[in-house]
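Q: To start, I am sharing the structure in question, which I have written as structure tokens.
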Amino acid sequence: DAGVTQSPTHLIKTRGQQVTLRCSPISGHKSVSWYQQVLGQGPQFIFQYYEKEERGRGNFPDRFSARQFPNYSSELNVNALLLGDSALYLCASSLEGVPYYEQFFGPGTRLTVL
Amino acid sequence: KQEVTQIPAALSVPEGENLVLNCSFTDSAIYNLQWFRQDPGKGLTSLLLIQSSQREQTSGRLNASLDKSSGRSTLYIAASQPGDSATYLCAVRPEGQNFVFGPGTRLSVLP
């Protein structure tokens, strides 16, 4: 069975540009969460979506937005990129939106902002 | 606000040693705690999930314990191997919130 997949693998952008990252959850999983991991630190929660609705939002500016599609895949959008947005962006899926279920992570998208 | 710390930040051991990684969290009101492994530049691999009502979980050479009242969890790795070299992250799921991660412990197992 395929795990969580993310695209693209790597991305290089310049300051001020916009970027869209994509995530496909494990088949049957309905909840998707996004995390940002800066080098040398643990991941920080950005968003959780369940059944196309936002279930949680971390402490990130409004430049960050996301959505979930009917097939449960998800996109993370970041506008007006800053140098500090350079990070590994991780997507995780779980079976349901409740917190008792194990989260499974994808390989991540490495974003570099120049 | 929930905060998670991990000690030590880095650890280097010879192959075959048993070792313990520590995770501490400030608020005991959690749903569960999950341990992950991360290889350099890669995503996270789930190792063990402990629900708040459980005391420990085991998988192969790995054993994780949870003491909610003291805000502590340990990950025990038996008979370490060079392939165990990675960063180990713990994450807690506070009530009403999403995962809060610790900074990780970077483990090197020397052949």
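Identifiers in the structure tokens: chain A, B, ... in order shown; residue index from 1 per chain; ligand index from 1 in order shown.
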Each residue of chain B with at least one atom at most 7 Å from chain A should appear once, together with its nearest atom pair and the corresponding distance in Å (one decimal); atoms considered: only C-alpha atoms; ordering: chain, then increasing residue number; output as CSV.
A:
residue,atom,partner,partner_atom,distance
B:Tyr31,CA,A:Tyr100,CA,6.5
B:Asn32,CA,A:Tyr100,CA,6.9
B:Lys42,CA,A:Pro107,CA,5.5
B:Gly43,CA,A:Pro107,CA,4.0
B:Leu44,CA,A:Phe105,CA,5.5
B:Thr45,CA,A:Phe105,CA,6.7
B:Ser46,CA,A:Phe104,CA,6.5
B:Leu49,CA,A:Glu102,CA,6.6
B:Asn98,CA,A:Phe45,CA,6.9
B:Phe99,CA,A:Phe45,CA,6.8
B:Phe101,CA,A:Gly42,CA,5.5
B:Gly102,CA,A:Gly42,CA,5.6
B:Pro103,CA,A:Gly42,CA,4.4
B:Gly104,CA,A:Gly42,CA,6.4
Q: Could you take the residues named above and write them with N, CA and C atoms, as a PDB file, in the first residue's frame?
A:
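Saved as again.pdb:
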ATOM      1  N   TYR B  31      -3.726  13.387  25.011  1.00  0.00           N
ATOM      2  CA  TYR B  31      -4.428  12.217  24.481  1.00  0.00           C
ATOM      3  C   TYR B  31      -3.470  11.049  24.301  1.00  0.00           C
ATOM      4  N   ASN B  32      -2.303  11.354  23.717  1.00  0.00           N
ATOM      5  CA  ASN B  32      -1.339  10.303  23.454  1.00  0.00           C
ATOM      6  C   ASN B  32       0.039  10.910  23.212  1.00  0.00           C
ATOM      7  N   LYS B  42      14.795  13.547   5.497  1.00  0.00           N
ATOM      8  CA  LYS B  42      13.653  12.702   5.156  1.00  0.00           C
ATOM      9  C   LYS B  42      12.446  13.003   6.041  1.00  0.00           C
ATOM     10  N   GLY B  43      11.341  12.325   5.727  1.00  0.00           N
ATOM     11  CA  GLY B  43      10.152  12.453   6.548  1.00  0.00           C
ATOM     12  C   GLY B  43      10.263  11.658   7.835  1.00  0.00           C
ATOM     13  N   LEU B  44       9.170  11.619   8.595  1.00  0.00           N
ATOM     14  CA  LEU B  44       9.148  10.948   9.885  1.00  0.00           C
ATOM     15  C   LEU B  44       8.548   9.548   9.747  1.00  0.00           C
ATOM     16  N   THR B  45       9.189   8.596  10.413  1.00  0.00           N
ATOM     17  CA  THR B  45       8.666   7.232  10.467  1.00  0.00           C
ATOM     18  C   THR B  45       8.127   6.977  11.867  1.00  0.00           C
ATOM     19  N   SER B  46       6.858   6.593  11.953  1.00  0.00           N
ATOM     20  CA  SER B  46       6.259   6.323  13.257  1.00  0.00           C
ATOM     21  C   SER B  46       6.850   5.054  13.855  1.00  0.00           C
ATOM     22  N   LEU B  49       3.131   4.427  19.316  1.00  0.00           N
ATOM     23  CA  LEU B  49       2.085   5.342  19.784  1.00  0.00           C
ATOM     24  C   LEU B  49       1.591   4.828  21.119  1.00  0.00           C
ATOM     25  N   ASN B  98      -3.254  20.097  18.403  1.00  0.00           N
ATOM     26  CA  ASN B  98      -2.534  19.147  17.573  1.00  0.00           C
ATOM     27  C   ASN B  98      -1.153  18.858  18.153  1.00  0.00           C
ATOM     28  N   PHE B  99      -0.453  17.965  17.482  1.00  0.00           N
ATOM     29  CA  PHE B  99       0.830  17.491  17.976  1.00  0.00           C
ATOM     30  C   PHE B  99       1.795  18.629  18.314  1.00  0.00           C
ATOM     31  N   PHE B 101       5.851  18.827  19.059  1.00  0.00           N
ATOM     32  CA  PHE B 101       7.052  18.016  18.938  1.00  0.00           C
ATOM     33  C   PHE B 101       8.168  18.536  19.838  1.00  0.00           C
ATOM     34  N   GLY B 102       9.026  17.621  20.247  1.00  0.00           N
ATOM     35  CA  GLY B 102      10.273  17.996  20.872  1.00  0.00           C
ATOM     36  C   GLY B 102      11.319  18.261  19.798  1.00  0.00           C
ATOM     37  N   PRO B 103      12.503  18.749  20.202  1.00  0.00           N
ATOM     38  CA  PRO B 103      13.548  19.088  19.229  1.00  0.00           C
ATOM     39  C   PRO B 103      14.308  17.880  18.698  1.00  0.00           C
ATOM     40  N   GLY B 104      14.150  16.730  19.354  1.00  0.00           N
ATOM     41  CA  GLY B 104      14.788  15.517  18.871  1.00  0.00           C
ATOM     42  C   GLY B 104      16.092  15.189  19.582  1.00  0.00           C
TER      43      GLY B 104
END
Q: Can you list every residue in chain B that DSSP puts in strand (DSSP E or B), as a PyMOL selection string?
A: chain B and resi 4-7+10-14+19-25+30-38+44-51+56-59+62-67+72-77+86-94+100-101+105-110
Q: Using only C-alpha atoms for the distances, tell me which of B:Gly41, B:Ser70, B:Gln97, B:Leu33 is nearest to B:Glu56.
A: B:Leu33
Q: Counting only C-alpha atoms, what is within 12 Å of A:Gly16, bar same-chain residues fewer than 2 positions away, as a PyMOL selection string?
A: chain A and resi 13-14+18-19+63+78-85+113-114
Q: Do you have the atom CA of B:Ile50-atom CA of A:Ser31 distance handy?
A: 19.6 Å
Q: Could you work out how far atom CA of B:Arg55 lies from atom CA of B:Leu19, giving the answer in Å with one decimal?
A: 19.0 Å
Q: Name the residues in contact with A:Asn77 at a cut-off of 9 Å, using only C-alpha atoms, excluding same-chain residues fewer than 5 positions from it; report them as an MDAnalysis selection string.
A: chainID A and resid 18:22 63:67
Q: Pull N, CA and C atoms from the residues just selected and write them as a compact mmCIF listing (two decimals), in the first residue's frame.
A:
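Listed below is the output, out23.txt:
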# COMPACT_ATOMS: atom_id res chain seq x y z
N GLN A 18 4.94 32.92 -4.74
CA GLN A 18 3.94 32.08 -4.11
C GLN A 18 4.25 30.62 -4.44
N VAL A 19 3.88 29.71 -3.52
CA VAL A 19 4.17 28.30 -3.74
C VAL A 19 2.97 27.45 -3.32
N THR A 20 2.78 26.33 -4.02
CA THR A 20 1.74 25.37 -3.67
C THR A 20 2.36 23.99 -3.50
N LEU A 21 2.12 23.40 -2.36
CA LEU A 21 2.63 22.06 -2.06
C LEU A 21 1.44 21.10 -2.00
N ARG A 22 1.67 19.86 -2.43
CA ARG A 22 0.58 18.90 -2.53
C ARG A 22 0.84 17.65 -1.71
N ARG A 63 -0.42 34.40 5.46
CA ARG A 63 0.19 34.05 4.16
C ARG A 63 0.10 32.55 3.91
N PHE A 64 -0.10 31.79 4.97
CA PHE A 64 -0.24 30.34 4.86
C PHE A 64 -1.73 29.99 4.78
N SER A 65 -2.08 29.18 3.79
CA SER A 65 -3.45 28.70 3.67
C SER A 65 -3.43 27.28 3.14
N ALA A 66 -4.52 26.58 3.31
CA ALA A 66 -4.59 25.20 2.86
C ALA A 66 -6.03 24.85 2.52
N ARG A 67 -6.17 23.73 1.85
CA ARG A 67 -7.50 23.21 1.57
C ARG A 67 -7.41 21.71 1.38
Q: May I have the residues within 7 Å of stretch 73-90 of chain B as a short mmCIF file (atom, residue, chain, number, x, y, z; two decimals) with all heavy atoms, in the first residue's frame, using only C-alpha atoms and disregarding those fewer than 5 positions away in the same chain?
A:
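Written out: selection_11.cif:
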data_model
loop_
_atom_site.label_atom_id
_atom_site.label_comp_id
_atom_site.auth_asym_id
_atom_site.auth_seq_id
_atom_site.Cartn_x
_atom_site.Cartn_y
_atom_site.Cartn_z
N GLU B 15 28.11 0.03 18.88
CA GLU B 15 27.13 -0.97 18.50
C GLU B 15 26.93 -1.99 19.61
O GLU B 15 27.88 -2.42 20.27
CB GLU B 15 27.61 -1.68 17.22
CG GLU B 15 26.68 -2.72 16.68
CD GLU B 15 27.20 -3.33 15.38
OE1 GLU B 15 28.33 -2.97 14.97
OE2 GLU B 15 26.49 -4.15 14.78
N GLY B 16 25.67 -2.41 19.82
CA GLY B 16 25.37 -3.43 20.81
C GLY B 16 24.90 -2.90 22.14
O GLY B 16 24.33 -3.64 22.94
N GLU B 17 25.11 -1.61 22.38
CA GLU B 17 24.68 -1.03 23.66
C GLU B 17 23.17 -0.86 23.72
O GLU B 17 22.51 -0.62 22.71
CB GLU B 17 25.34 0.33 23.88
CG GLU B 17 26.67 0.25 24.57
CD GLU B 17 27.03 1.55 25.28
OE1 GLU B 17 26.20 2.46 25.39
OE2 GLU B 17 28.19 1.62 25.72
N ASN B 18 22.64 -0.97 24.94
CA ASN B 18 21.25 -0.61 25.20
C ASN B 18 21.23 0.87 25.57
O ASN B 18 22.13 1.35 26.25
CB ASN B 18 20.68 -1.43 26.36
CG ASN B 18 20.75 -2.92 26.09
OD1 ASN B 18 20.58 -3.36 24.96
ND2 ASN B 18 21.03 -3.69 27.13
N LEU B 19 20.23 1.59 25.12
CA LEU B 19 20.21 3.03 25.40
C LEU B 19 18.80 3.53 25.68
O LEU B 19 17.81 2.89 25.30
CB LEU B 19 20.86 3.80 24.25
CG LEU B 19 20.28 3.58 22.87
CD1 LEU B 19 19.33 4.70 22.51
CD2 LEU B 19 21.39 3.53 21.83
N VAL B 20 18.74 4.68 26.33
CA VAL B 20 17.47 5.29 26.71
C VAL B 20 17.44 6.74 26.25
O VAL B 20 18.37 7.51 26.53
CB VAL B 20 17.27 5.23 28.25
CG1 VAL B 20 16.01 5.99 28.65
CG2 VAL B 20 17.18 3.78 28.71
N LEU B 21 16.37 7.09 25.57
CA LEU B 21 16.14 8.48 25.16
C LEU B 21 14.98 9.03 26.00
O LEU B 21 14.00 8.31 26.24
CB LEU B 21 15.79 8.55 23.67
CG LEU B 21 16.76 7.86 22.72
CD1 LEU B 21 16.30 8.05 21.28
CD2 LEU B 21 18.18 8.37 22.91
N ASN B 22 15.11 10.27 26.42
CA ASN B 22 14.13 10.86 27.32
C ASN B 22 13.33 11.98 26.66
O ASN B 22 13.86 12.76 25.86
CB ASN B 22 14.84 11.44 28.55
CG ASN B 22 15.53 10.36 29.35
OD1 ASN B 22 14.88 9.52 29.97
ND2 ASN B 22 16.86 10.37 29.32
N CYS B 23 12.06 12.05 27.03
CA CYS B 23 11.15 13.08 26.54
C CYS B 23 10.36 13.60 27.73
O CYS B 23 9.81 12.80 28.51
CB CYS B 23 10.22 12.49 25.48
SG CYS B 23 8.89 13.57 24.94
N SER B 24 10.30 14.92 27.88
CA SER B 24 9.53 15.53 28.97
C SER B 24 8.53 16.52 28.41
O SER B 24 8.85 17.23 27.44
CB SER B 24 10.46 16.25 29.96
OG SER B 24 11.35 15.34 30.55
N GLN B 34 3.61 10.01 20.74
CA GLN B 34 4.10 9.20 19.63
C GLN B 34 5.60 9.44 19.47
O GLN B 34 6.05 10.59 19.50
CB GLN B 34 3.34 9.56 18.34
CG GLN B 34 3.46 8.56 17.21
CD GLN B 34 2.42 8.79 16.11
OE1 GLN B 34 1.47 9.55 16.28
NE2 GLN B 34 2.60 8.13 14.99
N TRP B 35 6.35 8.36 19.27
CA TRP B 35 7.77 8.44 18.97
C TRP B 35 7.99 8.23 17.48
O TRP B 35 7.37 7.33 16.87
CB TRP B 35 8.55 7.39 19.75
CG TRP B 35 8.80 7.73 21.18
CD1 TRP B 35 8.03 7.41 22.27
CD2 TRP B 35 9.90 8.49 21.71
NE1 TRP B 35 8.59 7.91 23.42
CE2 TRP B 35 9.74 8.56 23.11
CE3 TRP B 35 11.02 9.10 21.13
CZ2 TRP B 35 10.65 9.23 23.94
CZ3 TRP B 35 11.92 9.75 21.96
CH2 TRP B 35 11.73 9.81 23.35
N PHE B 36 8.90 9.05 16.91
CA PHE B 36 9.21 8.99 15.50
C PHE B 36 10.71 8.88 15.30
O PHE B 36 11.49 9.31 16.13
CB PHE B 36 8.73 10.26 14.77
CG PHE B 36 7.26 10.48 14.76
CD1 PHE B 36 6.65 11.20 15.78
CD2 PHE B 36 6.47 9.98 13.73
CE1 PHE B 36 5.29 11.42 15.78
CE2 PHE B 36 5.11 10.21 13.72
CZ PHE B 36 4.52 10.93 14.74
N ARG B 37 11.07 8.38 14.14
CA ARG B 37 12.46 8.36 13.70
C ARG B 37 12.54 9.19 12.42
O ARG B 37 11.64 9.12 11.57
CB ARG B 37 12.87 6.92 13.42
CG ARG B 37 14.18 6.78 12.69
CD ARG B 37 14.41 5.39 12.17
NE ARG B 37 15.58 5.39 11.30
CZ ARG B 37 16.58 4.53 11.40
NH1 ARG B 37 16.54 3.57 12.31
NH2 ARG B 37 17.60 4.61 10.58
N GLN B 38 13.62 9.98 12.30
CA GLN B 38 13.80 10.79 11.10
C GLN B 38 15.24 10.64 10.61
O GLN B 38 16.18 10.98 11.33
CB GLN B 38 13.48 12.26 11.35
CG GLN B 38 13.53 13.11 10.08
CD GLN B 38 13.06 14.53 10.31
OE1 GLN B 38 13.26 15.11 11.38
NE2 GLN B 38 12.43 15.13 9.30
N ASP B 39 15.40 10.16 9.39
CA ASP B 39 16.71 10.12 8.76
C ASP B 39 16.99 11.47 8.12
O ASP B 39 16.05 12.20 7.76
CB ASP B 39 16.76 8.98 7.75
CG ASP B 39 16.66 7.62 8.43
OD1 ASP B 39 17.62 7.27 9.15
OD2 ASP B 39 15.63 6.94 8.30
N ARG B 61 12.87 -4.34 19.08
CA ARG B 61 13.88 -3.91 20.05
C ARG B 61 13.54 -2.60 20.75
O ARG B 61 14.33 -2.10 21.55
CB ARG B 61 15.23 -3.77 19.34
CG ARG B 61 15.79 -5.09 18.79
CD ARG B 61 17.18 -4.88 18.15
NE ARG B 61 17.12 -4.08 16.94
CZ ARG B 61 17.58 -2.84 16.85
NH1 ARG B 61 18.13 -2.24 17.89
NH2 ARG B 61 17.50 -2.19 15.70
N LEU B 62 12.39 -2.03 20.43
CA LEU B 62 12.00 -0.74 20.99
C LEU B 62 10.92 -0.92 22.06
O LEU B 62 10.00 -1.72 21.89
CB LEU B 62 11.44 0.17 19.90
CG LEU B 62 12.31 0.42 18.67
CD1 LEU B 62 11.58 1.34 17.71
CD2 LEU B 62 13.64 1.02 19.07
N ASN B 63 11.08 -0.14 23.14
CA ASN B 63 10.07 -0.11 24.19
C ASN B 63 9.92 1.33 24.63
O ASN B 63 10.90 2.00 24.96
CB ASN B 63 10.49 -0.98 25.37
CG ASN B 63 9.52 -0.87 26.54
OD1 ASN B 63 9.62 0.03 27.36
ND2 ASN B 63 8.56 -1.77 26.59
N ALA B 64 8.68 1.82 24.63
CA ALA B 64 8.42 3.18 25.07
C ALA B 64 7.50 3.14 26.29
O ALA B 64 6.53 2.38 26.32
CB ALA B 64 7.78 4.00 23.96
N SER B 65 7.82 3.96 27.27
CA SER B 65 7.00 4.06 28.46
C SER B 65 6.43 5.46 28.59
O SER B 65 6.98 6.42 28.03
CB SER B 65 7.81 3.72 29.71
OG SER B 65 8.80 4.71 29.91
N LEU B 66 5.33 5.58 29.31
CA LEU B 66 4.70 6.87 29.52
C LEU B 66 4.28 7.01 30.97
O LEU B 66 3.60 6.14 31.52
CB LEU B 66 3.46 7.01 28.62
CG LEU B 66 2.59 8.26 28.83
CD1 LEU B 66 3.38 9.52 28.51
CD2 LEU B 66 1.32 8.18 28.00
N ASP B 67 4.72 8.10 31.60
CA ASP B 67 4.29 8.46 32.94
C ASP B 67 3.65 9.84 32.84
O ASP B 67 4.33 10.87 32.90
CB ASP B 67 5.48 8.47 33.91
CG ASP B 67 5.05 8.74 35.34
OD1 ASP B 67 3.92 9.24 35.56
OD2 ASP B 67 5.84 8.46 36.26
N PHE B 101 5.85 18.83 19.06
CA PHE B 101 7.05 18.02 18.94
C PHE B 101 8.17 18.54 19.84
O PHE B 101 8.27 19.75 20.10
CB PHE B 101 7.57 18.05 17.50
CG PHE B 101 6.88 17.10 16.58
CD1 PHE B 101 5.68 17.45 15.98
CD2 PHE B 101 7.42 15.85 16.30
CE1 PHE B 101 5.04 16.58 15.12
CE2 PHE B 101 6.78 14.97 15.45
CZ PHE B 101 5.58 15.34 14.86
N GLY B 102 9.03 17.62 20.25
CA GLY B 102 10.27 18.00 20.87
C GLY B 102 11.32 18.26 19.80
O GLY B 102 11.08 18.01 18.61
N PRO B 103 12.50 18.75 20.20
CA PRO B 103 13.55 19.09 19.23
C PRO B 103 14.31 17.88 18.70
O PRO B 103 15.03 17.99 17.71
CB PRO B 103 14.48 20.01 20.02
CG PRO B 103 14.30 19.57 21.43
CD PRO B 103 12.87 19.15 21.56
N GLY B 104 14.15 16.73 19.35
CA GLY B 104 14.79 15.52 18.87
C GLY B 104 16.09 15.19 19.58
O GLY B 104 16.74 16.06 20.17
N THR B 105 16.46 13.91 19.52
CA THR B 105 17.76 13.42 19.97
C THR B 105 18.44 12.79 18.77
O THR B 105 17.89 11.88 18.14
CB THR B 105 17.62 12.36 21.09
OG1 THR B 105 17.10 12.96 22.26
CG2 THR B 105 18.99 11.73 21.39
N ARG B 106 19.65 13.29 18.46
CA ARG B 106 20.41 12.76 17.32
C ARG B 106 21.29 11.62 17.79
O ARG B 106 22.19 11.81 18.60
CB ARG B 106 21.24 13.88 16.71
CG ARG B 106 21.85 13.51 15.35
CD ARG B 106 22.48 14.72 14.66
NE ARG B 106 23.62 15.23 15.40
CZ ARG B 106 23.61 16.35 16.10
NH1 ARG B 106 22.54 17.09 16.19
NH2 ARG B 106 24.70 16.75 16.73
N LEU B 107 21.00 10.43 17.30
CA LEU B 107 21.69 9.21 17.74
C LEU B 107 22.66 8.72 16.67
O LEU B 107 22.29 8.60 15.50
CB LEU B 107 20.66 8.11 18.04
CG LEU B 107 21.23 6.72 18.35
CD1 LEU B 107 22.02 6.74 19.65
CD2 LEU B 107 20.11 5.68 18.42
N SER B 108 23.87 8.43 17.10
CA SER B 108 24.86 7.79 16.23
C SER B 108 25.30 6.49 16.89
O SER B 108 25.74 6.50 18.05
CB SER B 108 26.09 8.69 16.04
OG SER B 108 25.76 9.87 15.36
N VAL B 109 25.16 5.39 16.17
CA VAL B 109 25.61 4.09 16.66
C VAL B 109 26.83 3.69 15.83
O VAL B 109 26.74 3.50 14.62
CB VAL B 109 24.51 3.02 16.54
CG1 VAL B 109 25.01 1.68 17.08
CG2 VAL B 109 23.25 3.46 17.28
N LEU B 110 27.95 3.57 16.51
CA LEU B 110 29.23 3.33 15.84
C LEU B 110 29.49 1.84 15.69
O LEU B 110 29.35 1.09 16.65
CB LEU B 110 30.35 4.00 16.63
CG LEU B 110 30.13 5.49 16.93
CD1 LEU B 110 31.23 6.02 17.82
CD2 LEU B 110 30.03 6.27 15.64
N PRO B 111 29.91 1.42 14.48
CA PRO B 111 30.19 -0.03 14.29
C PRO B 111 31.47 -0.44 15.00
O PRO B 111 32.32 0.37 15.33
CB PRO B 111 30.33 -0.15 12.77
CG PRO B 111 30.53 1.22 12.25
CD PRO B 111 30.01 2.19 13.24
#
Q: In Å, with one decimal, what is the gap from atom CA of A:Cys23 to atom CA of A:Glu96?
A: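 Distance reported for this atom pair: 16.4 Å.
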